[in-house]
$ cat work11.txt   # compact mmCIF, C-alpha atoms
# COMPACT_ATOMS: atom_id res chain seq x y z
CA MET K 1 82.15 -42.59 69.12
CA SER K 2 79.27 -44.91 68.25
CA GLY K 3 79.62 -48.68 68.70
CA VAL K 4 81.11 -51.51 66.74
CA SER K 5 78.44 -51.33 64.05
CA SER K 6 79.61 -47.83 63.14
CA ARG K 7 83.22 -48.95 62.84
CA ALA K 8 82.08 -51.99 60.86
CA ARG K 9 80.30 -49.73 58.37
CA VAL K 10 83.47 -47.68 57.83
CA HIS K 11 85.53 -50.86 57.57
CA ARG K 12 83.13 -52.16 54.92
CA PHE K 13 83.30 -48.81 53.11
CA ALA K 14 87.11 -48.95 53.05
CA CYS K 15 87.12 -52.57 51.92
CA VAL K 16 84.54 -51.95 49.18
CA LEU K 17 86.44 -48.86 48.01
CA ILE K 18 89.72 -50.73 47.78
CA ALA K 19 88.12 -53.87 46.36
CA SER K 20 86.27 -51.94 43.67
CA MET K 21 89.42 -50.19 42.52
CA ALA K 22 91.43 -53.41 42.73
CA GLY K 23 88.69 -55.12 40.73
CA VAL K 24 89.33 -52.81 37.81
CA VAL K 25 92.89 -54.09 37.72
CA ALA K 26 91.84 -57.70 38.30
CA VAL K 27 89.31 -57.68 35.46
CA SER K 28 91.87 -56.12 33.13
CA GLU K 29 94.48 -58.73 34.03
CA ALA K 30 91.99 -61.59 33.62
CA ALA K 31 91.04 -60.38 30.16
CA SER K 32 94.54 -60.71 28.72
CA PRO K 33 97.66 -62.83 29.32
CA PRO K 34 100.43 -61.39 31.52
CA ALA K 35 102.59 -58.87 29.67
CA PRO K 36 106.21 -59.85 29.07
CA PRO K 37 108.74 -58.05 31.28
CA PRO K 38 109.96 -54.71 29.88
CA GLY K 39 113.46 -54.28 28.57
CA TYR K 40 114.26 -52.09 31.58
CA ALA K 41 112.05 -52.27 34.68
CA VAL K 42 112.23 -49.29 37.05
CA LYS K 43 111.88 -50.85 40.52
CA ILE K 44 109.98 -48.60 42.95
CA ALA K 45 108.45 -49.19 46.39
CA THR K 46 105.76 -47.44 48.42
CA VAL K 47 103.87 -47.77 51.69
CA ALA K 48 100.57 -47.37 49.75
CA PRO K 49 98.42 -50.53 49.70
CA GLU K 50 97.42 -52.25 46.48
CA GLY K 51 94.05 -51.00 45.22
CA THR K 52 94.42 -47.46 46.56
CA PRO K 53 94.25 -44.46 44.19
CA TRP K 54 98.05 -44.20 44.33
CA MET K 55 98.58 -47.77 43.19
CA LEU K 56 95.79 -47.66 40.61
CA ILE K 57 97.39 -44.64 38.95
CA MET K 58 100.84 -46.23 39.09
CA ARG K 59 99.53 -49.39 37.40
CA GLU K 60 98.04 -47.20 34.67
CA LEU K 61 101.35 -45.35 34.33
CA ASP K 62 103.21 -48.63 33.96
CA ALA K 63 100.84 -49.69 31.17
CA ASP K 64 101.20 -46.32 29.42
CA VAL K 65 105.00 -46.38 29.58
CA ARG K 66 105.18 -49.93 28.26
CA ARG K 67 102.82 -49.10 25.40
CA GLU K 68 104.54 -45.86 24.36
CA THR K 69 108.07 -47.33 24.53
CA GLY K 70 107.21 -50.63 22.86
CA ASN K 71 107.84 -52.40 26.20
CA ALA K 72 111.39 -51.09 26.30
CA VAL K 73 110.66 -49.45 29.68
CA GLY K 74 108.20 -50.23 32.46
CA PHE K 75 107.84 -50.36 36.23
CA LYS K 76 108.20 -53.07 38.85
CA ILE K 77 106.13 -51.77 41.78
CA TYR K 78 106.30 -52.99 45.38
CA PRO K 79 103.25 -51.74 47.34
CA ASN K 80 102.10 -51.94 50.96
CA ALA K 81 105.53 -51.37 52.54
CA ILE K 82 106.66 -54.87 51.56
CA GLN K 83 110.11 -53.38 50.97
CA GLY K 84 109.97 -51.60 54.34
CA ASP K 85 109.22 -48.14 55.71
CA GLU K 86 110.52 -45.11 53.82
CA PRO K 87 113.97 -45.01 55.51
CA VAL K 88 114.48 -48.68 54.60
CA VAL K 89 113.44 -48.03 51.00
CA LEU K 90 115.93 -45.17 50.76
CA ARG K 91 118.73 -47.43 52.00
CA LYS K 92 117.79 -50.00 49.36
CA ILE K 93 117.88 -47.32 46.66
CA ARG K 94 121.36 -46.27 47.75
CA THR K 95 122.58 -49.88 47.60
CA GLY K 96 120.98 -50.46 44.19
CA GLN K 97 118.33 -52.95 45.34
CA LEU K 98 115.61 -50.50 44.31
CA ASP K 99 115.54 -47.65 41.80
CA GLY K 100 113.10 -45.30 43.52
CA GLY K 101 109.90 -44.92 45.45
CA GLY K 102 106.77 -43.02 46.26
CA PHE K 103 107.61 -40.90 49.30
CA THR K 104 105.87 -38.58 51.70
CA GLY K 105 107.55 -35.35 52.74
CA GLN K 106 109.20 -37.22 55.60
CA GLY K 107 111.04 -39.50 53.19
CA LEU K 108 111.84 -36.66 50.79
CA GLY K 109 113.27 -34.69 53.69
CA ARG K 110 115.80 -37.44 54.36
CA VAL K 111 117.04 -36.97 50.79
CA ALA K 112 116.75 -33.17 50.54
CA PRO K 113 115.88 -31.52 53.90
CA ALA K 114 115.02 -28.18 52.27
CA LEU K 115 111.87 -29.73 50.76
CA ARG K 116 110.30 -29.83 54.22
CA VAL K 117 109.68 -26.10 53.86
CA MET K 118 106.53 -27.11 51.97
CA GLU K 119 105.16 -28.87 55.06
CA LEU K 120 105.48 -26.19 57.71
CA PRO K 121 102.70 -26.22 60.32
CA PHE K 122 99.77 -23.89 59.64
CA LEU K 123 101.31 -22.55 56.43
CA TRP K 124 98.76 -23.44 53.74
CA ASP K 125 95.11 -22.39 53.63
CA ASP K 126 93.96 -24.17 50.49
CA HIS K 127 95.00 -26.29 47.52
CA ALA K 128 95.24 -23.26 45.24
CA ALA K 129 98.08 -21.86 47.34
CA VAL K 130 99.92 -25.19 47.28
CA ASP K 131 99.54 -25.40 43.49
CA ARG K 132 100.84 -21.84 43.18
CA ALA K 133 103.88 -22.78 45.23
CA TYR K 134 104.72 -25.74 43.01
CA GLU K 135 104.26 -23.59 39.91
CA GLN K 136 106.62 -20.90 41.18
CA LEU K 137 109.08 -22.89 43.29
CA GLY K 138 108.77 -26.39 41.85
CA PRO K 139 111.75 -26.07 39.48
CA ARG K 140 113.99 -25.00 42.37
CA LEU K 141 112.80 -27.89 44.55
CA GLU K 142 113.31 -30.29 41.66
CA ARG K 143 116.90 -29.06 41.22
CA THR K 144 117.48 -29.62 44.93
CA LEU K 145 116.39 -33.24 44.52
CA LYS K 146 118.59 -33.65 41.45
CA GLU K 147 121.60 -32.32 43.32
CA SER K 148 120.83 -34.80 46.10
CA GLY K 149 120.97 -37.73 43.69
CA PHE K 150 117.30 -38.13 42.72
CA THR K 151 115.20 -37.42 39.62
CA LEU K 152 111.63 -36.22 40.18
CA LEU K 153 108.99 -38.15 38.25
CA GLY K 154 106.18 -36.06 39.71
CA TRP K 155 104.75 -34.45 42.83
CA ALA K 156 102.12 -36.60 44.53
CA ASP K 157 100.83 -34.76 47.58
CA VAL K 158 99.19 -36.54 50.51
CA GLY K 159 96.82 -33.73 51.56
CA PHE K 160 95.77 -31.72 54.59
CA VAL K 161 96.66 -33.36 57.89
CA TYR K 162 94.39 -33.46 60.94
CA LEU K 163 94.70 -34.69 64.52
CA PHE K 164 92.76 -37.92 65.13
CA SER K 165 92.46 -38.85 68.79
CA ARG K 166 90.72 -40.95 71.43
CA GLU K 167 89.89 -37.84 73.49
CA PRO K 168 88.85 -34.45 72.04
CA ILE K 169 91.71 -32.05 71.24
CA ALA K 170 90.31 -28.51 71.33
CA ALA K 171 93.14 -26.70 73.10
CA GLU K 172 96.85 -26.81 73.77
CA ALA K 173 96.16 -28.24 77.24
CA ASP K 174 94.30 -31.17 75.66
CA LEU K 175 97.21 -31.94 73.37
CA LYS K 176 99.65 -31.92 76.29
CA ARG K 177 97.67 -34.74 77.90
CA ALA K 178 97.71 -36.86 74.75
CA LYS K 179 100.05 -39.74 73.98
CA MET K 180 101.06 -38.18 70.69
CA TRP K 181 102.55 -40.33 67.94
CA VAL K 182 105.29 -38.85 65.77
CA TRP K 183 106.78 -40.56 62.74
CA GLU K 184 110.17 -41.83 63.83
CA GLY K 185 112.94 -39.66 62.45
CA ASP K 186 110.71 -36.71 61.49
CA PRO K 187 112.45 -33.58 62.82
CA LEU K 188 109.74 -31.15 61.70
CA ALA K 189 106.82 -32.94 63.36
CA GLU K 190 108.85 -33.52 66.50
CA ALA K 191 109.83 -29.86 66.68
CA PHE K 192 106.21 -28.75 66.42
CA PHE K 193 104.84 -31.11 69.04
CA ARG K 194 107.67 -30.33 71.43
CA ALA K 195 106.89 -26.63 70.96
CA THR K 196 103.39 -27.37 72.26
CA GLY K 197 104.83 -29.03 75.36
CA VAL K 198 104.16 -32.58 74.17
CA ALA K 199 106.70 -35.40 74.53
CA PRO K 200 105.79 -37.36 71.40
CA VAL K 201 106.17 -41.13 71.00
CA PRO K 202 108.34 -41.84 67.92
CA LEU K 203 107.31 -44.95 65.99
CA PRO K 204 107.64 -46.31 62.45
CA ILE K 205 104.44 -45.88 60.50
CA ASN K 206 103.86 -49.64 60.34
CA ASP K 207 103.60 -49.77 64.17
CA VAL K 208 100.93 -47.10 64.56
CA LEU K 209 97.77 -49.24 64.33
CA THR K 210 99.05 -51.73 66.90
CA SER K 211 100.15 -48.88 69.16
CA LEU K 212 96.68 -47.34 68.97
CA GLN K 213 95.19 -50.71 69.88
CA THR K 214 97.48 -51.10 72.91
CA ARG K 215 97.13 -47.41 73.81
CA LEU K 216 100.84 -46.78 73.61
CA VAL K 217 99.61 -43.75 71.64
CA ASP K 218 96.13 -42.19 71.56
CA CYS K 219 96.56 -39.33 69.10
CA VAL K 220 97.91 -39.40 65.53
CA TYR K 221 98.24 -36.94 62.65
CA SER K 222 97.17 -38.00 59.18
CA SER K 223 95.28 -37.09 56.05
CA ALA K 224 91.74 -38.46 56.05
CA LEU K 225 92.42 -40.76 53.10
CA ALA K 226 95.44 -42.27 54.83
CA CYS K 227 93.58 -42.56 58.14
CA LEU K 228 90.83 -44.52 56.41
CA GLY K 229 93.18 -46.70 54.38
CA THR K 230 95.39 -47.61 57.34
CA GLN K 231 92.36 -48.35 59.56
CA TRP K 232 93.62 -45.88 62.19
CA PHE K 233 90.14 -44.36 62.21
CA SER K 234 88.85 -47.52 63.91
CA ARG K 235 90.88 -46.72 67.04
CA VAL K 236 90.00 -43.03 67.48
CA SER K 237 86.84 -41.15 68.44
CA TYR K 238 87.54 -37.53 67.44
CA PHE K 239 89.26 -35.37 64.86
CA THR K 240 90.16 -31.70 65.25
CA ASP K 241 88.89 -29.75 62.27
CA VAL K 242 91.88 -27.39 61.94
CA PRO K 243 94.53 -28.83 59.59
CA VAL K 244 97.92 -28.97 61.27
CA THR K 245 99.86 -29.02 58.02
CA TYR K 246 99.76 -30.04 54.37
CA ALA K 247 101.61 -33.28 53.65
CA THR K 248 103.58 -33.36 50.42
CA GLY K 249 104.83 -36.34 48.46
CA ALA K 250 106.55 -37.33 45.25
CA VAL K 251 107.68 -40.24 43.13
CA VAL K 252 111.42 -40.15 42.59
CA ILE K 253 114.10 -42.45 41.19
CA SER K 254 117.85 -42.25 41.59
CA ASN K 255 119.77 -40.29 38.98
CA ALA K 256 121.67 -43.50 38.21
CA ALA K 257 118.40 -45.34 37.52
CA PHE K 258 117.19 -42.53 35.26
CA GLU K 259 120.41 -42.74 33.24
CA LYS K 260 119.73 -46.44 32.62
CA ILE K 261 116.51 -45.60 30.78
CA PRO K 262 117.35 -45.69 27.04
CA ALA K 263 117.94 -42.11 25.91
CA ALA K 264 115.43 -42.46 23.07
CA HIS K 265 112.63 -43.05 25.60
CA ARG K 266 113.46 -40.60 28.39
CA ASP K 267 111.37 -37.70 27.11
CA VAL K 268 108.19 -39.72 26.65
CA PHE K 269 108.83 -41.48 29.97
CA MET K 270 109.00 -38.17 31.83
CA LYS K 271 106.01 -36.71 29.97
CA LEU K 272 103.85 -39.69 30.93
CA CYS K 273 105.03 -39.60 34.54
CA ARG K 274 104.27 -35.91 34.98
CA ALA K 275 100.79 -36.27 33.48
CA LYS K 276 99.87 -39.25 35.65
CA MET K 277 101.21 -37.69 38.83
CA ARG K 278 99.07 -34.61 38.24
CA GLU K 279 96.09 -36.90 37.70
CA LEU K 280 96.94 -38.63 40.98
CA VAL K 281 96.92 -35.32 42.85
CA VAL K 282 93.43 -34.50 41.51
CA VAL K 283 92.05 -37.95 42.36
CA SER K 284 93.68 -38.02 45.79
CA ARG K 285 92.25 -34.63 46.75
CA ARG K 286 88.75 -35.76 45.85
CA LYS K 287 89.12 -39.07 47.69
CA ASP K 288 90.60 -37.29 50.70
CA ALA K 289 87.55 -35.03 51.02
CA GLU K 290 85.22 -38.01 50.63
CA SER K 291 87.16 -39.95 53.26
CA LEU K 292 86.84 -37.21 55.86
CA LEU K 293 83.09 -37.05 55.33
CA GLU K 294 82.80 -40.82 55.54
CA ILE K 295 84.85 -41.03 58.74
CA GLU K 296 82.71 -38.33 60.33
CA LYS K 297 79.45 -39.83 59.10
CA ASN K 298 80.33 -43.14 60.72
CA GLY K 299 80.95 -41.85 64.20
CA VAL K 300 84.26 -40.03 64.56
CA LYS K 301 83.21 -36.71 66.06
CA ARG K 302 84.39 -33.34 64.78
CA VAL K 303 86.05 -31.06 67.34
CA THR K 304 86.04 -27.33 66.62
CA MET K 305 88.94 -25.44 68.11
CA PRO K 306 88.21 -21.96 69.54
CA ALA K 307 89.72 -19.08 67.58
CA ALA K 308 92.02 -18.11 70.45
CA GLU K 309 93.48 -21.62 70.56
CA VAL K 310 93.92 -21.67 66.78
CA SER K 311 95.86 -18.40 67.03
CA ARG K 312 98.03 -19.92 69.75
CA PHE K 313 98.85 -22.96 67.62
CA VAL K 314 99.57 -20.78 64.58
CA ALA K 315 101.98 -18.70 66.66
CA LEU K 316 103.76 -21.83 67.85
CA GLY K 317 103.93 -23.04 64.27
CA ARG K 318 105.63 -19.86 63.15
CA GLU K 319 108.22 -20.25 65.89
CA VAL K 320 108.95 -23.68 64.45
CA TRP K 321 109.34 -22.12 60.99
CA LYS K 322 112.07 -19.86 62.36
CA GLY K 323 113.66 -22.60 64.42
CA GLN K 324 114.28 -24.83 61.40
CA VAL K 325 116.12 -22.15 59.41
CA GLY K 326 119.67 -23.37 58.90
CA LYS K 327 118.67 -26.88 59.95
CA LEU K 328 116.30 -27.88 57.17
CA TYR K 329 116.19 -24.89 54.81
CA PRO K 330 117.72 -21.43 54.31
CA GLN K 331 115.95 -18.22 55.36
CA GLU K 332 115.64 -17.11 51.74
CA LEU K 333 113.67 -20.24 50.79
CA LEU K 334 111.40 -19.83 53.81
CA ASP K 335 110.70 -16.24 52.80
CA ALA K 336 109.87 -17.31 49.25
CA VAL K 337 107.45 -20.03 50.32
CA VAL K 338 105.68 -17.82 52.87
CA LYS K 339 105.24 -15.09 50.26
CA VAL K 340 103.56 -17.59 47.92
CA ALA K 341 101.34 -18.84 50.75
CA ASP K 342 100.24 -15.26 51.35
CA GLY K 343 99.05 -15.00 47.76
CA GLY K 344 101.97 -13.26 46.12
CA GLY K 345 105.02 -14.29 44.14
CA ALA K 346 108.07 -15.90 45.69
CA GLY K 347 109.84 -13.26 47.75
CA ALA K 348 109.07 -11.93 51.27
CA SER K 349 107.69 -13.05 54.61
CA ARG K 350 104.46 -12.70 56.55

$ encode --input "work11.txt" --output "structure tokens"
Amino acid sequence: MSGVSSRARVHRFACVLIASMAGVVAVSEAASPPAPPPGYAVKIATVAPEGTPWMLIMRELDADVRRETGNAVGFKIYPNAIQGDEPVVLRKIRTGQLDGGGFTGQGLGRVAPALRVMELPFLWDDHAAVDRAYEQLGPRLERTLKESGFTLLGWADVGFVYLFSREPIAAEADLKRAKMWVWEGDPLAEAFFRATGVAPVPLPINDVLTSLQTRLVDCVYSSALACLGTQWFSRVSYFTDVPVTYATGAVVISNAAFEKIPAAHRDVFMKLCRAKMRELVVVSRRKDAESLLEIEKNGVKRVTMPAAEVSRFVALGREVWKGQVGKLYPQELLDAVVKVADGGGAGASR
């Protein structure tokens, strides 16, 4: 990787990107007095920093909901993990301290393990296939969440996930030598990396940057947008250009919190949430592609994996698919998702 100046350029890019988006909010707030609190504030938390596309869209959603309900309903949003990592946020929802949150697939899996079927390693080839899966299987996944005590406000995917590392990862042997981070409590990621012969280092997401700095870990998995926003990119030199998985996400609130929303406003509340979450997916996908180009342009080198090694990883991934049947999801749901990924309707397997 090139020197400090290269990292400084990326750091400035990230800061300018966040500052420019945050400035939109700041200018808007400066132009008018603070809005009075809504009649019912839905309290949600996220690990996303203020000023990121996720938070910008959520601030817009809050304004839309307040306007359309006459300030009867709105959001109280806690960004930047100030309420804790996703497991902590879930505990606070269960005790009534929070109403909901923006979660990655890891957090959603703690609520409804079957949803992790959408994040299987080497399953998805493109965004069109993911969209097709949500169109065909989304209602079933939403019911699963409802039965687990949560109401879906909208899917908010994270994006394709790559390996970012200090040393190039072009083969299974390279990965075995890496000090591989795994999100603490993530059974799917741990199963995959153990299948490759790696003994991963489990850590909360908030500890990853420090652990990269101290070299407790030297390889992480992330979307490009998240890697840029968390500054992880500043501690790696390479990324492997084969996506390991597709990271899902969603904004959910407890069923109890949803029932507290005045009945007269629930329909418009849900309509606004679904529209904004779809907008967030579109924006996030564009920003994710831009972030990968920016990271590469500023010195993180692309590693191309030979076809034989890709085939080996795909085969290991499919073993993980089978191994999680009965643990995370039923065989029938796996078959349905794989059929959609192959370009057909929900039904059979590869």

$ residues_around --input "work11.txt" --residues "region 183-198 of chain K" --least-positions-apart "5" --cutoff "8 Å" --atoms "only C-alpha atoms" --output "JSON, numbers by chain"
{"K": [106, 116, 120, 121, 172, 175, 176, 177, 178, 203, 204, 205, 313, 316, 317, 320, 324]}

$ closest_residue --input "work11.txt" --among "K:Ala336, K:Leu209, K:Ala170, K:Ala156" --to "Trp54 (chain K)" --atoms "all atoms listed in the file"
K:Ala156

$ residues_around --input "work11.txt" --residues "Glu86 (chain K)" --least-positions-apart "3" --cutoff "9 Å" --atoms "only C-alpha atoms" --output "list in words"
Ala45, Thr46, Val47, Ala81, Gln83, Val89, Leu90, Arg91, Gly101, Gly102, Phe103, Thr104, Gln106 and Gly107 of chain K

$ write_last_selection --input "work11.txt" --atoms "C-alpha atoms" --output "mmCIF file, keeping the file's coordinate frame"
data_model
loop_
_atom_site.group_PDB
_atom_site.id
_atom_site.type_symbol
_atom_site.label_atom_id
_atom_site.label_comp_id
_atom_site.auth_asym_id
_atom_site.auth_seq_id
_atom_site.Cartn_x
_atom_site.Cartn_y
_atom_site.Cartn_z
ATOM 1 C CA ALA K 45 108.450 -49.190 46.390
ATOM 2 C CA THR K 46 105.760 -47.440 48.420
ATOM 3 C CA VAL K 47 103.870 -47.770 51.690
ATOM 4 C CA ALA K 81 105.530 -51.370 52.540
ATOM 5 C CA GLN K 83 110.110 -53.380 50.970
ATOM 6 C CA VAL K 89 113.440 -48.030 51.000
ATOM 7 C CA LEU K 90 115.930 -45.170 50.760
ATOM 8 C CA ARG K 91 118.730 -47.430 52.000
ATOM 9 C CA GLY K 101 109.900 -44.920 45.450
ATOM 10 C CA GLY K 102 106.770 -43.020 46.260
ATOM 11 C CA PHE K 103 107.610 -40.900 49.300
ATOM 12 C CA THR K 104 105.870 -38.580 51.700
ATOM 13 C CA GLN K 106 109.200 -37.220 55.600
ATOM 14 C CA GLY K 107 111.040 -39.500 53.190
#

$ axis_aligned_box --input "work11.txt" --around "region 314-333 of chain K" --padding-each-side "6 Å" --output "AutoDock Vina command-line options"
--center_x 109.6 --center_y -22.5 --center_z 59.3 --size_x 32.1 --size_y 22.8 --size_z 29.1

$ atom_distance --input "work11.txt" --atom1 "CA of Pro243 (chain K)" --atom2 "CA of Phe122 (chain K)"
7.2 Å

$ atom_distance --input "work11.txt" --atom1 "CA of Val42 (chain K)" --atom2 "CA of Lys260 (chain K)"
9.2 Å

$ residues_near_point --input "work11.txt" --point "(85.8, -34.2, 69.7)" --cutoff "7 Å" --atoms "all atoms listed in the file" --output "ChimeraX atom specification"
/K:167-169,238-240,301-303

$ residues_around --input "work11.txt" --residues "region 158-162 of chain K" --least-positions-apart "6" --cutoff "9 Å" --atoms "all atoms listed in the file" --output "JSON, numbers by chain"
{"K": [104, 105, 124, 126, 127, 220, 221, 222, 223, 224, 225, 226, 239, 240, 241, 242, 243, 244, 245, 246, 247, 248, 249, 281, 284, 285, 288]}

$ closest_residue --input "work11.txt" --among "K:Pro53, K:Gly74, K:Pro87, K:Gly96" --to "Met277 (chain K)" --atoms "all atoms listed in the file"
K:Pro53

$ atom_distance --input "work11.txt" --atom1 "CA of Lys179 (chain K)" --atom2 "CA of Ser165 (chain K)"
9.2 Å
